[in-house]
Structure formats: structure tokens, C-alpha cells
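Reproduced below: coords.cif, with mmCIF, C-alpha atoms.
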data_work
loop_
_atom_site.label_atom_id
_atom_site.label_comp_id
_atom_site.auth_asym_id
_atom_site.auth_seq_id
_atom_site.Cartn_x
_atom_site.Cartn_y
_atom_site.Cartn_z
CA MET A 15 32.46 1.09 -51.38
CA PHE A 16 31.71 -2.36 -49.99
CA LYS A 17 34.06 -1.83 -47.06
CA SER A 18 32.45 1.52 -46.27
CA SER A 19 28.99 -0.05 -46.29
CA VAL A 20 30.11 -2.82 -43.98
CA LYS A 21 31.71 -0.27 -41.66
CA PHE A 22 28.50 1.81 -41.62
CA VAL A 23 26.35 -1.22 -40.85
CA PHE A 24 28.76 -2.33 -38.14
CA LEU A 25 28.75 1.10 -36.48
CA SER A 26 24.97 1.26 -36.72
CA VAL A 27 24.63 -2.07 -34.96
CA ILE A 28 27.02 -0.91 -32.23
CA CYS A 29 25.03 2.30 -31.70
CA LEU A 30 21.72 0.46 -31.63
CA SER A 31 23.05 -2.10 -29.17
CA TRP A 32 24.40 0.63 -26.92
CA LYS A 33 21.09 2.50 -26.94
CA THR A 34 19.23 -0.71 -26.13
CA PHE A 35 21.66 -1.41 -23.30
CA GLN A 36 21.10 2.09 -21.91
CA VAL A 37 17.33 1.68 -21.97
CA GLU A 38 17.42 -1.75 -20.37
CA THR A 39 19.93 -0.60 -17.76
CA GLN A 40 17.81 2.39 -16.80
CA CYS A 41 14.70 0.24 -16.52
CA GLN A 42 16.53 -2.31 -14.38
CA THR A 43 18.06 0.41 -12.19
CA GLN A 44 14.69 2.04 -11.70
CA THR A 45 13.17 -1.25 -10.64
CA GLN A 46 15.99 -1.99 -8.21
CA GLU A 47 15.93 1.42 -6.63
CA GLU A 48 12.16 1.78 -6.34
CA MET A 49 11.15 -1.75 -5.44
CA THR A 50 11.50 -3.12 -1.95
CA ASP A 51 11.43 -6.87 -1.37
CA THR A 52 7.75 -6.57 -0.51
CA VAL A 53 6.85 -4.82 -3.74
CA GLU A 54 8.85 -7.36 -5.74
CA LYS A 55 6.71 -10.15 -4.28
CA TYR A 56 3.35 -8.67 -5.13
CA SER A 57 4.38 -7.50 -8.60
CA ASP A 58 5.84 -10.84 -9.78
CA SER A 59 2.83 -11.97 -11.76
CA ALA A 60 2.49 -8.62 -13.50
CA MET A 61 6.14 -8.78 -14.49
CA ALA A 62 5.76 -12.31 -15.81
CA ASN A 63 2.93 -11.23 -18.10
CA ASN A 64 4.64 -8.10 -19.36
CA ASP A 65 5.56 -8.56 -23.03
CA LYS A 66 5.55 -4.93 -24.09
CA GLU A 67 8.55 -3.06 -25.50
CA THR A 68 11.45 -2.23 -23.21
CA GLU A 69 10.97 1.47 -23.84
CA THR A 70 7.65 1.45 -21.96
CA CYS A 71 8.99 -0.18 -18.82
CA SER A 72 9.17 3.04 -16.81
CA SER A 73 5.42 3.67 -16.90
CA GLN A 74 4.64 -0.05 -16.57
CA ASN A 75 6.77 -0.40 -13.45
CA SER A 76 5.10 2.64 -11.90
CA GLU A 77 1.62 1.26 -12.61
CA ARG A 78 2.14 -2.28 -11.39
CA GLU A 79 4.37 -1.53 -8.39
CA LEU A 80 2.64 1.46 -6.88
CA GLY A 81 -0.94 0.27 -7.05
CA PRO A 82 -3.16 2.84 -5.29
CA ASP A 83 -0.93 5.79 -6.11
CA SER A 84 -0.19 5.07 -9.76
CA GLU A 85 -0.30 7.96 -12.20
CA LYS A 86 1.16 8.39 -15.68
CA ASN A 87 4.89 8.48 -15.10
CA PRO A 88 6.32 11.76 -16.48
CA ASN A 89 9.82 10.29 -16.76
CA TYR A 90 10.88 8.61 -19.98
CA PRO A 91 14.00 6.45 -20.44
CA LEU A 92 17.06 8.48 -21.43
CA ALA A 93 15.15 11.77 -21.08
CA LEU A 94 16.34 14.58 -18.84
CA VAL A 95 13.40 15.78 -16.72
CA LEU A 96 13.75 18.90 -14.58
CA PHE A 97 12.67 18.46 -10.96
CA ASP A 98 9.10 19.50 -10.34
CA GLU A 99 7.32 18.36 -7.17
CA LYS A 100 4.05 18.34 -9.10
CA ASN A 101 5.44 15.43 -11.14
CA LEU A 102 6.17 13.32 -8.09
CA LEU A 103 3.98 10.32 -7.40
CA PRO A 104 2.37 10.48 -3.95
CA HIS A 105 4.74 7.89 -2.47
CA GLN A 106 7.75 9.92 -3.65
CA LYS A 107 6.80 13.06 -1.74
CA LYS A 108 8.66 13.75 1.48
CA PHE A 109 5.46 14.78 3.28
CA ARG A 110 1.75 14.21 2.81
CA ASN A 111 -0.65 16.50 4.63
CA PHE A 112 -4.28 15.87 5.55
CA SER A 113 -7.05 17.17 7.78
CA PHE A 114 -9.40 14.76 9.53
CA VAL A 115 -11.99 15.53 12.19
CA GLY A 116 -10.62 19.05 12.47
CA HIS A 117 -7.07 17.86 13.15
CA PRO A 118 -4.13 18.52 10.79
CA ILE A 119 -2.05 15.45 9.99
CA SER A 120 1.41 15.62 8.45
CA ILE A 121 3.14 12.36 7.59
CA GLN A 122 6.80 12.21 6.62
CA GLN A 123 7.25 9.35 4.17
CA ASN A 124 10.28 7.09 3.92
CA TRP A 125 9.86 4.98 0.79
CA GLY A 126 13.61 4.54 0.36
CA GLY A 127 14.07 3.28 3.91
CA LEU A 128 11.04 1.14 4.82
CA GLY A 129 9.23 0.86 1.50
CA VAL A 130 5.50 0.16 1.54
CA ALA A 131 5.25 0.45 5.34
CA ALA A 132 6.36 4.09 5.33
CA VAL A 133 4.13 5.75 2.75
CA VAL A 134 0.47 6.73 2.75
CA TRP A 135 -1.56 4.56 0.39
CA GLU A 136 -4.84 5.85 -0.99
CA ALA A 137 -6.76 2.95 0.55
CA ALA A 138 -5.88 4.37 3.98
CA VAL A 139 -6.98 7.86 2.95
CA VAL A 140 -10.31 6.60 1.59
CA LEU A 141 -10.90 4.48 4.70
CA GLY A 142 -10.20 7.52 6.90
CA GLU A 143 -12.67 9.58 4.88
CA TYR A 144 -15.28 6.83 5.15
CA LEU A 145 -14.85 6.57 8.93
CA GLU A 146 -15.16 10.34 9.27
CA GLN A 147 -18.53 10.12 7.53
CA HIS A 148 -19.61 7.10 9.61
CA ARG A 149 -18.34 7.96 13.08
CA HIS A 150 -20.57 5.42 14.79
CA LEU A 151 -18.52 2.58 13.33
CA VAL A 152 -15.59 3.29 15.66
CA GLU A 153 -16.75 5.73 18.37
CA GLY A 154 -16.47 4.09 21.78
CA LYS A 155 -15.26 0.83 20.17
CA ARG A 156 -12.12 -1.24 20.68
CA VAL A 157 -10.36 -0.91 17.35
CA ILE A 158 -7.25 -2.65 16.02
CA GLU A 159 -5.56 -1.79 12.73
CA LEU A 160 -3.56 -4.51 11.00
CA GLY A 161 -0.49 -3.60 8.96
CA SER A 162 -0.87 0.00 10.06
CA GLY A 163 2.06 1.40 8.08
CA THR A 164 1.81 5.14 8.74
CA GLY A 165 -1.23 4.56 10.97
CA LEU A 166 -3.44 7.07 9.17
CA ALA A 167 -6.70 5.09 9.31
CA GLY A 168 -6.18 4.14 12.94
CA LEU A 169 -5.28 7.70 13.87
CA VAL A 170 -8.53 8.93 12.34
CA ALA A 171 -10.43 6.24 14.26
CA SER A 172 -8.83 7.53 17.44
CA PHE A 173 -9.86 11.11 16.63
CA LEU A 174 -13.40 9.77 16.23
CA GLY A 175 -13.47 8.33 19.73
CA GLY A 176 -12.22 4.80 19.21
CA LYS A 177 -9.88 3.02 21.62
CA VAL A 178 -7.28 2.14 19.03
CA THR A 179 -4.40 -0.32 18.83
CA LEU A 180 -2.04 0.12 15.87
CA THR A 181 0.07 -2.86 14.83
CA GLU A 182 3.07 -3.42 12.59
CA ARG A 183 6.13 -5.59 12.15
CA ALA A 184 9.03 -4.89 14.53
CA GLU A 185 11.18 -3.11 11.95
CA ALA A 186 8.44 -0.55 11.19
CA LEU A 187 7.35 0.20 14.76
CA ASP A 188 9.71 3.12 15.43
CA PHE A 189 8.57 4.89 12.26
CA LEU A 190 4.91 4.28 13.14
CA ARG A 191 5.39 5.49 16.72
CA THR A 192 7.17 8.67 15.62
CA THR A 193 4.45 9.42 13.05
CA ILE A 194 1.68 9.04 15.61
CA GLU A 195 3.42 11.01 18.35
CA THR A 196 4.05 13.84 15.89
CA ASN A 197 0.37 14.08 15.02
CA LEU A 198 -1.30 13.71 18.40
CA PRO A 199 -2.45 17.03 19.91
CA LYS A 200 -0.47 18.28 22.90
CA ASP A 201 -3.53 17.96 25.12
CA ASN A 202 -3.80 14.34 24.03
CA LYS A 203 -7.14 12.92 25.08
CA PHE A 204 -7.13 10.12 22.54
CA GLN A 205 -6.67 6.45 23.35
CA ILE A 206 -4.12 4.92 21.04
CA ASP A 207 -1.56 2.16 21.59
CA ILE A 208 1.14 0.84 19.28
CA THR A 209 2.34 -2.75 19.42
CA GLU A 210 4.09 -5.37 17.34
CA LEU A 211 2.00 -7.85 15.41
CA ASP A 212 3.56 -10.10 12.82
CA TRP A 213 0.91 -12.28 11.18
CA THR A 214 3.47 -15.05 10.61
CA LYS A 215 4.29 -15.39 14.30
CA SER A 216 2.51 -16.36 17.50
CA LEU A 217 -0.68 -14.49 18.40
CA GLU A 218 -0.69 -15.57 22.04
CA ASN A 219 -0.25 -11.97 23.28
CA PHE A 220 -3.56 -11.02 21.69
CA THR A 221 -6.12 -12.58 23.97
CA GLU A 222 -9.14 -10.32 23.43
CA HIS A 223 -11.58 -9.95 20.59
CA TYR A 224 -11.94 -6.49 19.09
CA ASP A 225 -15.08 -4.62 18.14
CA VAL A 226 -13.55 -3.33 14.90
CA ILE A 227 -10.61 -4.43 12.76
CA LEU A 228 -9.24 -2.04 10.14
CA GLY A 229 -7.12 -3.05 7.17
CA ALA A 230 -5.98 -0.68 4.43
CA ASP A 231 -4.16 -2.28 1.49
CA ILE A 232 -3.16 -5.40 3.37
CA ILE A 233 -4.08 -8.05 0.77
CA TYR A 234 -1.40 -7.66 -1.90
CA ILE A 235 1.11 -10.41 -0.99
CA LYS A 236 -0.18 -13.89 -1.74
CA GLU A 237 2.38 -15.53 0.54
CA THR A 238 0.85 -13.79 3.57
CA PHE A 239 -2.78 -14.68 2.85
CA ASN A 240 -2.95 -17.75 5.07
CA ASP A 241 -1.26 -15.93 7.97
CA LEU A 242 -3.56 -12.92 7.59
CA TYR A 243 -6.57 -15.23 7.49
CA ARG A 244 -5.40 -16.96 10.68
CA THR A 245 -4.91 -13.58 12.35
CA LEU A 246 -8.43 -12.43 11.46
CA LEU A 247 -9.91 -15.64 12.84
CA HIS A 248 -7.96 -15.21 16.06
CA LEU A 249 -8.93 -11.58 16.68
CA THR A 250 -12.63 -11.80 15.86
CA SER A 251 -15.86 -12.88 17.47
CA LYS A 252 -19.15 -13.08 15.60
CA ASP A 253 -19.75 -9.43 16.57
CA THR A 254 -16.42 -8.06 15.32
CA HIS A 255 -16.75 -5.73 12.35
CA ILE A 256 -13.87 -5.93 9.87
CA LEU A 257 -13.39 -3.08 7.40
CA ILE A 258 -11.02 -3.82 4.53
CA SER A 259 -10.09 -0.98 2.18
CA CYS A 260 -8.20 -1.95 -0.95
CA LYS A 261 -7.61 -1.60 -4.65
CA ILE A 262 -8.11 -4.82 -6.60
CA ARG A 263 -4.97 -4.97 -8.73
CA TYR A 264 -4.63 -8.65 -9.49
CA ASP A 265 -6.72 -11.82 -9.47
CA ARG A 266 -5.00 -12.92 -6.27
CA ASP A 267 -6.48 -9.94 -4.42
CA SER A 268 -9.96 -11.18 -5.29
CA ASP A 269 -8.83 -14.69 -4.38
CA PHE A 270 -8.24 -13.57 -0.79
CA LEU A 271 -11.66 -11.98 -0.57
CA ASN A 272 -13.14 -15.22 -1.83
CA MET A 273 -11.12 -17.11 0.80
CA LEU A 274 -12.81 -15.07 3.48
CA LYS A 275 -16.21 -16.36 2.44
CA LYS A 276 -15.45 -19.73 4.01
CA ASP A 277 -15.69 -18.33 7.56
CA PHE A 278 -16.91 -14.78 7.03
CA ASN A 279 -19.77 -12.89 5.45
CA LEU A 280 -18.40 -10.23 3.09
CA GLU A 281 -20.09 -7.26 1.44
CA GLU A 282 -18.76 -4.38 -0.63
CA ILE A 283 -20.18 -1.26 1.03
CA PHE A 284 -18.32 1.56 -0.71
CA TYR A 285 -16.52 2.27 -3.97
CA GLU A 286 -14.47 5.39 -4.65
CA LYS A 287 -14.29 5.51 -8.44
CA LYS A 288 -11.63 8.19 -8.90
CA ARG A 289 -9.06 6.33 -6.81
CA ASP A 290 -10.51 2.88 -7.57
CA ILE A 291 -10.73 1.95 -3.89
CA ARG A 292 -13.28 -0.48 -2.46
CA ILE A 293 -14.29 -0.93 1.15
CA TYR A 294 -15.62 -4.28 2.32
CA SER A 295 -17.63 -5.00 5.45
CA VAL A 296 -16.78 -8.41 6.92
CA TYR A 297 -18.31 -10.40 9.81
CA LYS A 298 -17.47 -13.86 11.07
CA LYS A 299 -20.18 -16.42 10.38
CA ALA A 300 -22.14 -17.58 13.40
#
Taking this structure as input, can you express it in the form of C-alpha cells?
Amino acid sequence: MFKSSVKFVFLSVICLSWKTFQVETQCQTQTQEEMTDTVEKYSDSAMANNDKETETCSSQNSERELGPDSEKNPNYPLALVLFDEKNLLPHQKKFRNFSFVGHPISIQQNWGGLGVAAVVWEAAVVLGEYLEQHRHLVEGKRVIELGSGTGLAGLVASFLGGKVTLTERAEALDFLRTTIETNLPKDNKFQIDITELDWTKSLENFTEHYDVILGADIIYIKETFNDLYRTLLHLTSKDTHILISCKIRYDRDSDFLNMLKKDFNLEEIFYEKKRDIRIYSVYKKA
């Protein structure tokens, strides 16, 4: 009897340990597959403060990593979930389709290849919607978009009559260029250029000040804050209007906005409650 009890307890421990290992392995695999190096950087603090049970890691990872596109994750560790495109998070969809200023826009996403630079974040969508409702902000203006990613906000600005320059890191330029070329009308009458701009490198090729600077979800990596700040100072005059669209996920996001107050005047001018996106109007101090 005693031996049987010991055997039962021993087998139970083995089974429990195996189940725990499966759960932890799935959570770790999910993180490794879904997170790019960039996402790992801006989710570090959330991970450090996460003391909840292992079984909830799937939904937690989705919430803290995906930011503007987070929804309740339908997948549960160890559960078999049939494929249903309705259950996909926005960044997981192969295409996202929009219509701005009477023009259809179809963007093929590449989360697995380029990560955050190759998906449409809601901050860009909200900024595009805001510009469409306030055409005068970009019409006839020299506009530059920082960290363009898919270039959605800048593309909308171009449709609205802006002379637009889209910028990205070298490794994301081909994707950005293909996305824009795919969505420009055949009788292209819009003024839009695409060029490399890495905030951490020299800015000597950018010699002019712009009328408008657009930034959609560009303040999520603390390590880039000083370089982004330097870039904004370099590209602006006292008349340059900066529009920053973002979701405030962590304290460090607010920290950057507070940093700006040293040399810039900052005002929240729009809040989209459903998607939790804020748009800030920023001008350099005289």
C-alpha cells in the first residue's frame, strides 16, 4: 500500500512537472517567435514587473508587446484553436485595407520579417484620420515623417496635398518603397520621396527645416529618446509643427513627452478613446 502511494505521488509529480514545462515552453516559444529585437527592448520593464501565473503569459505577452493593436488573445496555452482570420490581431493579418481621401490603400504586412517597421499601428491610422479632417495642416506644406514604417500617415499627407518625405532605417526602406509604389495612383500627381534617416547617425544630409513633422508610435524605445530628440531639434525651426500620435503604454513614454518640454511647447490636441491614441501638437520654443 505504501509503495503504491509513493508510486502514485511520484507519477503525479512527473505529470505536473511535464505540464508546467509544456506551458512554460509554449510561452517562451511564443515570445521568441513574435518578438523582434525592437519589441524586446520596449517591453523589458513590463516583463520585469510581471509576477502573474505562467498560464496567463499568452495574453500578457500580446498586451504588452503589441501596444496599439492589443486585443484579448483567443489562444490559450496547450489549447488547439482552429484558424479563423477574425481571431487574428491586426499585426498578424497579411493585408490591411483602408480608404483615405477617396483613395484605396492596401498594405501587405511583414511582421515575421521586419517586425514593428512592417505593420500598420493604430497610431498611424488615427493620425491619418485626423489629417483627413484637418487638411490645412499639411496641404501645400513640406512634410517629413519620422520612422515611417509602412508610410501610412505620410501617404495620407501626400494625398492631402503635402510635399512629403518618408524616412526609415536602411533595412526597412525597400519594404516602405514597395508599399508606397503599390498604393500611388497610376496618374501619380502626388509629391512623395523616400529616404534613409537613422536617428542614431549623422543628420548632415538634412539641411532644411520642414513645415510639418509627423511621428506615429515613435516613442516606445527609451534607448532612442536622446537620438530622436536630437533629430527633432535638427529638423525644426520655431515655425515647424510637429504632430506626434501615440499610445501611452509605459511611464517612459510620458518621460519623453516631458523631455520635449525643455525646448518645445507641447499640447494634447486629440484623444481617440476606443483605440487609446493621443495626438500631440509640438512647436519649438522661440
* Which residues, written as a ChimeraX atom specification, have at least one atom at most 7 Å from A:Gln205, with only C-alpha atoms counted and residues fewer than 4 positions away on the same chain left out? -> /A:172,177-178
Restrict the calculation to all atoms listed in the file, then for each residue of stretch 129-201 of chain A with any atom at most 6 Å from an atom of stretch 216-228 of chain A give the closest atom pair and their distance in Å to one decimal, rows by chain and rising residue number, as a Markdown table.
| residue | atom | partner | partner_atom | distance |
| --- | --- | --- | --- | --- |
| A:Lys155 | CA | A:Asp225 | CA | 5.8 |
| A:Arg156 | CA | A:Asp225 | CA | 5.2 |
| A:Val157 | CA | A:Val226 | CA | 4.7 |
| A:Ile158 | CA | A:Ile227 | CA | 5.0 |
| A:Glu159 | CA | A:Leu228 | CA | 4.5 |
Save out the residues we just selected, C-alpha atoms, as an mmCIF file, keeping the file's coordinate frame.
data_model
loop_
_atom_site.group_PDB
_atom_site.id
_atom_site.type_symbol
_atom_site.label_atom_id
_atom_site.label_comp_id
_atom_site.auth_asym_id
_atom_site.auth_seq_id
_atom_site.Cartn_x
_atom_site.Cartn_y
_atom_site.Cartn_z
ATOM 1 C CA LYS A 155 -15.260 0.830 20.170
ATOM 2 C CA ARG A 156 -12.120 -1.240 20.680
ATOM 3 C CA VAL A 157 -10.360 -0.910 17.350
ATOM 4 C CA ILE A 158 -7.250 -2.650 16.020
ATOM 5 C CA GLU A 159 -5.560 -1.790 12.730
#
* List, as a ChimeraX atom specification, every residue that the PyMOL selection byres ((chain A and resi 285) around 12) selects in the file provided. => /A:137,140-141,144,258-262,281-284,286-295
* **Test item: residues at most 10 Å from A:Phe239, all atoms listed in the file, excluding those fewer than 5 positions along its chain, as a PyMOL selection string** => chain A and resi 213-214+232-234+244-245+266-267+269-271+273
* To do: Quick one: everything within 10 Å of stretch 181-184 of chain A, counting only C-alpha atoms, minus sequence neighbours fewer than 3 positions away in the same chain. Send it as a PyMOL selection string.
  => chain A and resi 131+158-165+168+178+187-190+207-214
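The spacing separating atom CA of A:Asp253 from atom CA of A:Lys298 amounts to 7.4 Å.
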